[in-house]
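Trainee: Got entry.pdb for you, PDB, C-alpha atoms:
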```
ATOM      1  CA  MET P  23     155.021  50.208 134.137
ATOM      2  CA  ASN P  24     157.911  51.628 132.109
ATOM      3  CA  ASP P  25     160.503  50.228 134.523
ATOM      4  CA  THR P  26     158.852  46.800 134.451
ATOM      5  CA  LEU P  27     158.636  46.629 130.657
ATOM      6  CA  ASN P  28     162.212  47.842 130.260
ATOM      7  CA  TYR P  29     163.356  45.187 132.719
ATOM      8  CA  PHE P  30     161.659  42.419 130.729
ATOM      9  CA  ARG P  31     163.016  43.789 127.455
ATOM     10  CA  THR P  32     166.473  43.081 128.854
ATOM     11  CA  ALA P  33     167.922  39.605 128.358
ATOM     12  CA  PRO P  34     167.974  37.614 131.637
ATOM     13  CA  GLU P  35     171.773  37.460 131.726
ATOM     14  CA  TYR P  36     171.954  41.273 131.870
ATOM     15  CA  ARG P  37     169.153  41.960 134.348
ATOM     16  CA  SER P  38     171.321  42.119 137.449
ATOM     17  CA  ALA P  39     172.414  45.646 136.455
ATOM     18  CA  ASN P  40     168.732  46.667 136.346
ATOM     19  CA  TYR P  41     167.649  44.717 139.428
ATOM     20  CA  HIS P  42     166.155  47.675 141.273
ATOM     21  CA  LYS P  43     163.884  48.689 138.417
ATOM     22  CA  LEU P  44     161.472  46.224 140.057
ATOM     23  CA  THR P  45     162.036  47.304 143.652
ATOM     24  CA  PHE P  46     161.950  51.075 143.182
ATOM     25  CA  SER P  47     158.150  51.258 142.925
ATOM     26  CA  MET P  48     157.756  50.421 146.618
ATOM     27  CA  MET P  49     159.981  53.362 147.597
ATOM     28  CA  TYR P  50     157.120  55.759 146.891
ATOM     29  CA  TYR P  51     154.178  53.373 146.701
ATOM     30  CA  TYR P  52     152.401  54.557 149.842
ATOM     31  CA  ASN P  53     152.244  58.124 148.545
ATOM     32  CA  GLU P  54     150.327  56.972 145.460
ATOM     33  CA  ALA P  55     147.143  55.106 144.587
ATOM     34  CA  TYR P  56     148.469  52.705 141.989
ATOM     35  CA  VAL P  57     146.846  51.396 138.881
ATOM     36  CA  LEU P  58     149.194  49.028 137.039
ATOM     37  CA  PRO P  59     148.395  49.714 133.385
ATOM     38  CA  LEU P  60     149.345  47.801 130.290
ATOM     39  CA  SER P  61     147.162  50.123 128.301
ATOM     40  CA  HIS P  62     146.202  51.179 124.793
ATOM     41  CA  ASP P  63     149.253  53.451 124.689
ATOM     42  CA  GLU P  64     151.559  50.453 125.032
ATOM     43  CA  VAL P  65     150.276  48.535 121.992
ATOM     44  CA  VAL P  66     150.062  51.226 119.275
ATOM     45  CA  HIS P  67     152.193  53.676 117.264
ATOM     46  CA  GLY P  68     155.112  51.341 116.664
ATOM     47  CA  LYS P  69     155.712  50.600 120.352
ATOM     48  CA  ALA P  70     155.060  46.850 119.790
ATOM     49  CA  THR P  71     152.632  44.694 121.756
ATOM     50  CA  ILE P  72     153.391  43.378 125.233
ATOM     51  CA  ILE P  73     154.450  39.950 123.973
ATOM     52  CA  GLN P  74     156.718  41.561 121.380
ATOM     53  CA  LYS P  75     158.386  43.663 124.067
ATOM     54  CA  MET P  76     159.586  40.580 125.927
ATOM     55  CA  SER P  77     163.219  39.533 125.627
ATOM     56  CA  GLY P  78     164.171  36.627 123.388
ATOM     57  CA  ASP P  79     162.953  34.909 120.273
ATOM     58  CA  TYR P  80     159.388  33.732 119.608
ATOM     59  CA  ASP P  81     159.532  30.744 121.957
ATOM     60  CA  ASP P  82     161.232  32.654 124.795
ATOM     61  CA  LYS P  83     158.749  35.535 124.784
ATOM     62  CA  PHE P  84     155.851  33.463 126.133
ATOM     63  CA  PRO P  85     157.433  32.314 129.426
ATOM     64  CA  GLN P  86     158.891  35.812 129.858
ATOM     65  CA  ALA P  87     155.393  37.299 129.524
ATOM     66  CA  ARG P  88     153.922  34.752 131.937
ATOM     67  CA  ALA P  89     156.558  35.643 134.516
ATOM     68  CA  MET P  90     155.939  39.367 134.032
ATOM     69  CA  TYR P  91     152.191  38.981 134.483
ATOM     70  CA  MET P  92     152.691  36.910 137.631
ATOM     71  CA  TYR P  93     154.830  39.702 139.040
ATOM     72  CA  MET P  94     152.277  42.339 137.980
ATOM     73  CA  TYR P  95     149.349  40.490 139.578
ATOM     74  CA  ALA P  96     151.228  39.888 142.836
ATOM     75  CA  HIS P  97     152.420  43.526 143.073
ATOM     76  CA  PRO P  98     150.096  45.893 144.983
ATOM     77  CA  GLY P  99     147.778  47.996 142.840
ATOM     78  CA  LYS P 100     144.743  47.587 140.620
ATOM     79  CA  LYS P 101     145.322  46.033 137.206
ATOM     80  CA  LEU P 102     144.617  47.142 133.634
ATOM     81  CA  ASN P 103     145.416  44.847 130.713
ATOM     82  CA  PHE P 104     144.450  46.105 127.266
ATOM     83  CA  MET P 105     142.574  43.889 124.799
ATOM     84  CA  GLY P 106     144.723  41.495 122.807
ATOM     85  CA  ASN P 107     147.340  41.176 125.529
ATOM     86  CA  GLU P 108     145.506  38.195 126.995
ATOM     87  CA  ILE P 109     146.047  36.140 123.816
ATOM     88  CA  ALA P 110     149.644  37.302 123.269
ATOM     89  CA  GLN P 111     148.774  39.121 120.073
ATOM     90  CA  PHE P 112     151.791  40.199 118.036
ATOM     91  CA  ARG P 113     149.945  42.692 115.854
ATOM     92  CA  GLU P 114     149.449  46.162 117.316
ATOM     93  CA  TRP P 115     145.899  47.189 118.124
ATOM     94  CA  ASP P 116     143.882  48.759 115.312
ATOM     95  CA  GLU P 117     140.461  50.284 115.966
ATOM     96  CA  LYS P 118     139.415  49.298 112.428
ATOM     97  CA  ARG P 119     139.976  45.568 112.986
ATOM     98  CA  GLN P 120     138.908  42.989 115.498
ATOM     99  CA  GLN P 121     141.473  41.085 117.514
ATOM    100  CA  ASP P 122     143.329  38.210 115.854
ATOM    101  CA  TRP P 123     141.243  35.514 117.503
ATOM    102  CA  ASP P 124     142.409  32.958 114.958
ATOM    103  CA  ILE P 125     145.839  32.812 116.655
ATOM    104  CA  LEU P 126     144.187  30.768 119.408
ATOM    105  CA  LYS P 127     144.419  27.769 117.089
ATOM    106  CA  PHE P 128     148.176  27.811 117.749
ATOM    107  CA  PRO P 129     149.160  25.987 120.967
ATOM    108  CA  LYS P 130     151.416  28.702 122.432
ATOM    109  CA  HIS P 131     148.728  31.374 122.134
ATOM    110  CA  ARG P 132     145.972  29.040 123.340
ATOM    111  CA  GLU P 133     148.058  28.017 126.365
ATOM    112  CA  PHE P 134     148.915  31.645 127.119
ATOM    113  CA  HIS P 135     145.233  32.592 127.003
ATOM    114  CA  ARG P 136     144.426  29.793 129.415
ATOM    115  CA  PHE P 137     147.245  30.945 131.699
ATOM    116  CA  MET P 138     145.801  34.468 131.783
ATOM    117  CA  MET P 139     142.320  33.158 132.605
ATOM    118  CA  GLU P 140     143.692  31.017 135.425
ATOM    119  CA  LEU P 141     145.806  33.902 136.725
ATOM    120  CA  ASN P 142     142.683  36.074 136.852
ATOM    121  CA  GLU P 143     140.916  33.345 138.807
ATOM    122  CA  VAL P 144     143.785  33.070 141.294
ATOM    123  CA  TYR P 145     143.812  36.846 141.730
ATOM    124  CA  GLU P 146     140.056  36.966 142.331
ATOM    125  CA  LYS P 147     140.086  34.016 144.733
ATOM    126  CA  HIS P 148     142.858  35.254 147.018
ATOM    127  CA  SER P 149     142.064  38.448 148.914
ATOM    128  CA  ALA P 150     145.727  38.946 149.829
ATOM    129  CA  PHE P 151     146.317  40.177 146.286
ATOM    130  CA  TRP P 152     143.828  43.042 146.485
ATOM    131  CA  GLU P 153     142.227  43.638 149.903
ATOM    132  CA  ALA P 154     145.084  45.662 151.409
ATOM    133  CA  ASP P 155     146.569  47.177 148.258
ATOM    134  CA  TYR P 156     147.105  50.572 149.864
ATOM    135  CA  ALA P 157     147.712  49.555 153.478
ATOM    136  CA  GLN P 158     151.145  49.559 155.099
ATOM    137  CA  ASP P 159     150.776  45.946 156.250
ATOM    138  CA  GLY P 160     149.462  44.672 152.898
ATOM    139  CA  PHE P 161     152.967  44.297 151.462
ATOM    140  CA  ARG P 162     156.370  43.367 152.869
ATOM    141  CA  TRP P 163     159.678  42.671 151.160
ATOM    142  CA  ILE P 164     161.197  39.364 152.230
ATOM    143  CA  ASP P 165     164.198  39.473 149.912
ATOM    144  CA  CYS P 166     165.063  42.359 147.609
ATOM    145  CA  HIS P 167     168.866  42.174 147.624
ATOM    146  CA  GLN P 168     169.631  39.321 145.259
ATOM    147  CA  GLU P 169     171.079  41.540 142.541
ATOM    148  CA  GLU P 170     173.280  38.855 140.991
ATOM    149  CA  LYS P 171     170.671  36.091 141.103
ATOM    150  CA  CYS P 172     167.708  38.314 140.130
ATOM    151  CA  ILE P 173     165.511  36.751 142.806
ATOM    152  CA  TYR P 174     162.686  38.703 144.421
ATOM    153  CA  ALA P 175     160.460  37.647 147.302
ATOM    154  CA  PHE P 176     157.646  39.525 148.992
ATOM    155  CA  GLU P 177     154.575  38.957 151.087
ATOM    156  CA  ARG P 178     150.979  40.047 150.506
ATOM    157  CA  LYS P 179     148.434  39.913 153.307
ATOM    158  CA  SER P 180     144.725  40.248 153.922
ATOM    159  CA  LYS P 181     142.603  39.613 157.004
ATOM    160  CA  LYS P 182     142.292  35.908 156.232
ATOM    161  CA  GLU P 183     145.468  34.883 154.407
ATOM    162  CA  ARG P 184     149.108  35.508 153.656
ATOM    163  CA  ILE P 185     150.727  34.848 150.270
ATOM    164  CA  VAL P 186     154.448  34.730 149.610
ATOM    165  CA  ALA P 187     155.490  35.430 146.021
ATOM    166  CA  VAL P 188     158.957  34.356 144.859
ATOM    167  CA  PHE P 189     160.379  35.185 141.430
ATOM    168  CA  HIS P 190     163.598  34.239 139.692
ATOM    169  CA  PHE P 191     164.175  36.399 136.629
ATOM    170  CA  GLY P 192     167.825  35.584 135.955
ATOM    171  CA  ASN P 193     169.377  33.020 133.630
ATOM    172  CA  THR P 194     170.963  30.633 136.157
ATOM    173  CA  LYS P 195     169.544  27.696 138.082
ATOM    174  CA  GLU P 196     169.372  28.303 141.831
ATOM    175  CA  GLN P 197     169.028  25.012 143.706
ATOM    176  CA  GLU P 198     170.175  26.174 147.146
ATOM    177  CA  TYR P 199     168.276  29.428 147.583
ATOM    178  CA  VAL P 200     167.158  29.860 151.207
ATOM    179  CA  MET P 201     164.421  32.266 152.240
ATOM    180  CA  LYS P 202     163.339  32.933 155.818
ATOM    181  CA  ILE P 203     159.622  33.431 156.460
ATOM    182  CA  SER P 204     158.435  34.738 159.815
ATOM    183  CA  ASP P 205     155.717  32.965 161.808
ATOM    184  CA  GLY P 206     156.452  29.494 160.501
ATOM    185  CA  GLY P 207     153.734  27.075 159.477
ATOM    186  CA  PHE P 208     152.685  24.748 156.717
ATOM    187  CA  TYR P 209     152.756  26.024 153.147
ATOM    188  CA  ASN P 210     151.158  24.974 149.894
ATOM    189  CA  VAL P 211     152.747  25.788 146.515
ATOM    190  CA  PRO P 212     149.772  26.020 144.138
ATOM    191  CA  ILE P 213     151.528  27.694 141.186
ATOM    192  CA  ILE P 214     154.898  27.072 139.583
ATOM    193  CA  ILE P 215     155.274  28.512 136.084
ATOM    194  CA  ALA P 216     158.228  27.551 133.886
ATOM    195  CA  PHE P 217     160.471  30.492 133.066
ATOM    196  CA  SER P 218     162.787  30.552 130.085
ATOM    197  CA  ARG P 219     166.210  28.882 130.136
ATOM    198  CA  GLY P 220     165.417  26.530 132.963
ATOM    199  CA  ASN P 221     164.232  29.087 135.518
ATOM    200  CA  THR P 222     160.951  29.229 137.376
ATOM    201  CA  GLY P 223     158.646  31.859 138.776
ATOM    202  CA  GLY P 224     156.284  30.818 141.522
ATOM    203  CA  MET P 225     153.895  31.772 144.278
ATOM    204  CA  SER P 226     153.285  30.003 147.570
ATOM    205  CA  ALA P 227     150.330  30.551 149.878
ATOM    206  CA  GLU P 228     150.141  29.705 153.563
ATOM    207  CA  SER P 229     147.753  26.837 154.241
TER
END
```
Now that the file is in, can you turn its structure into structure tokens?
Mentor:
Amino acid sequence: MNDTLNYFRTAPEYRSANYHKLTFSMMYYYNEAYVLPLSHDEVVHGKATIIQKMSGDYDDKFPQARAMYMYMYAHPGKKLNFMGNEIAQFREWDEKRQQDWDILKFPKHREFHRFMMELNEVYEKHSAFWEADYAQDGFRWIDCHQEEKCIYAFERKSKKERIVAVFHFGNTKEQEYVMKISDGGFYNVPIIIAFSRGNTGGMSAES
């Protein structure tokens, strides 16, 4: 969690130096039983909320947060997302106040909330994201050596499906990126989320 948040605090043009903050977790993953927490501790005591932690100005923070959550949901491990994160709340949590639900009248917050609901639905629908979280064959790196481009690709599997997740977290457009997938077939691309500065983060699932 700390490595991931620190990575997304960093501006995209400087992320290549921190590339392996996102790959290191799988070095010791199978010795742990992961929960991926964005918890109460991360949104209090001056630490700033999750949306505030993202790199960039107000407009840039939303696509950065969407990309981070896509990565978090595709990564093996059970998820924990503390209240207020799902509406991109900028005010830290306070047990004496309710959440700032009125920010949903603003398009960016309303769209982010809808994104989170749809991401939850995708996660629930596709067993590859959760069925084999702690199994050796539930996860496989496809590409984790694109340090300069900040591209990551991995595979999640369950008994009935295989999902390939591809992320581009850098600040350059990559129009000729080639990725080899074993056991060829036909693929659908159900999700492509715009990333800041012209980049995209996406998932593709085998049909």
Trainee: Suppose a student applies the PyMOL selection byres ((chain P and resi 181) around 9) to this structure; what residues should they get, written as a PyMOL selection string?
Mentor: chain P and resi 149-150+153-154+179-180+182-184
Trainee: Select, from P:Leu44, P:Leu58, P:Met23, P:Ala33, the residue with the minimum atom-to-atom distance to Ile173 in chain P, counting only C-alpha atoms.
Mentor: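 Closest to Ile173 in chain P, using only C-alpha atoms: P:Leu44.
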Trainee: Please compute the CA of Lys202 in chain P-CA of Asp25 in chain P distance, one decimal, in Å.
Mentor: 27.6 Å
Trainee: Suppose you want the space between CA of Tyr199 in chain P and CA of Glu177 in chain P; what is it in Å?
Mentor: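 These atoms are spaced 17.1 Å apart.
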Trainee: Within 12 Å of Thr45 in chain P, counting only C-alpha atoms, which residues show up once you throw out same-chain ones fewer than 5 positions away? Write them as a list in words, please.
Mentor: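 The filter keeps Asp25, Thr26, Tyr29, Asn40, Tyr50, Tyr51, Tyr93, His97, Arg162, Trp163, Ile164, Asp165, Cys166, His167, Gln168, Glu169, Cys172, Ile173, Tyr174, Ala175 and Phe176 of chain P.
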Trainee: Could you tell me, as a ChimeraX atom specification, exactly which residues end up selected when the PyMOL selection byres ((chain P and resi 111-126) around 12) is applied to this structure?
Mentor: /P:61-76,80,83-84,87,104-110,127-136
Trainee: Show me, as AutoDock Vina command-line options, the centre and edge lengths in Å to one decimal of the axis-aligned box that covers every listed atom of range 124-138 of chain P with 4 Å on each side.
Mentor:
```
--center_x 146.9 --center_y 30.2 --center_z 123.4 --size_x 17.0 --size_y 16.5 --size_z 24.8
```
Trainee: Just to confirm, what's the straight-line distance from CA of Gln86 in chain P to CA of Lys195 in chain P in Å (one decimal)?
Mentor: 15.7 Å
Trainee: Just so I have it separately, write range 110-158 of chain P from the block I sent, keeping C-alpha atoms, as a tab-separated table (two decimals), in the first residue's frame.
Mentor:
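Output contents, as saved in out18.tsv:
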```
chain	number	residue	atom	x	y	z
P	110	ALA	CA	-13.05	11.22	-4.17
P	111	GLN	CA	-13.53	13.25	-1.02
P	112	PHE	CA	-10.85	15.87	-0.45
P	113	ARG	CA	-11.63	16.46	3.22
P	114	GLU	CA	-10.06	14.04	5.68
P	115	TRP	CA	-12.41	11.74	7.56
P	116	ASP	CA	-13.91	13.08	10.78
P	117	GLU	CA	-15.93	10.83	13.08
P	118	LYS	CA	-18.01	13.86	14.12
P	119	ARG	CA	-19.25	14.59	10.58
P	120	GLN	CA	-20.92	12.66	7.83
P	121	GLN	CA	-19.27	12.32	4.44
P	122	ASP	CA	-19.44	15.26	2.03
P	123	TRP	CA	-22.20	13.77	-0.08
P	124	ASP	CA	-22.97	17.16	-1.60
P	125	ILE	CA	-19.79	16.94	-3.72
P	126	LEU	CA	-21.65	14.44	-5.92
P	127	LYS	CA	-23.38	17.41	-7.54
P	128	PHE	CA	-20.04	18.18	-9.21
P	129	PRO	CA	-19.46	16.17	-12.41
P	130	LYS	CA	-15.92	14.96	-11.63
P	131	HIS	CA	-16.96	13.51	-8.27
P	132	ARG	CA	-20.20	12.07	-9.64
P	133	GLU	CA	-18.33	10.41	-12.53
P	134	PHE	CA	-15.67	9.07	-10.16
P	135	HIS	CA	-18.36	7.57	-7.92
P	136	ARG	CA	-19.94	5.89	-10.92
P	137	PHE	CA	-16.52	4.57	-11.98
P	138	MET	CA	-16.01	3.01	-8.55
P	139	MET	CA	-19.44	1.36	-8.64
P	140	GLU	CA	-18.76	-0.06	-12.09
P	141	LEU	CA	-15.30	-1.23	-11.04
P	142	ASN	CA	-16.86	-3.08	-8.11
P	143	GLU	CA	-19.31	-4.72	-10.49
P	144	VAL	CA	-16.51	-5.81	-12.84
P	145	TYR	CA	-14.55	-7.22	-9.90
P	146	GLU	CA	-17.56	-9.16	-8.61
P	147	LYS	CA	-18.50	-10.48	-12.05
P	148	HIS	CA	-15.09	-11.84	-13.02
P	149	SER	CA	-13.82	-14.69	-10.85
P	150	ALA	CA	-10.29	-14.30	-12.22
P	151	PHE	CA	-9.89	-11.26	-9.97
P	152	TRP	CA	-10.56	-13.13	-6.73
P	153	GLU	CA	-10.94	-16.92	-7.02
P	154	ALA	CA	-7.23	-17.77	-7.06
P	155	ASP	CA	-5.85	-14.83	-5.08
P	156	TYR	CA	-3.41	-16.99	-3.13
P	157	ALA	CA	-2.68	-19.71	-5.69
P	158	GLN	CA	0.56	-19.90	-7.66
```
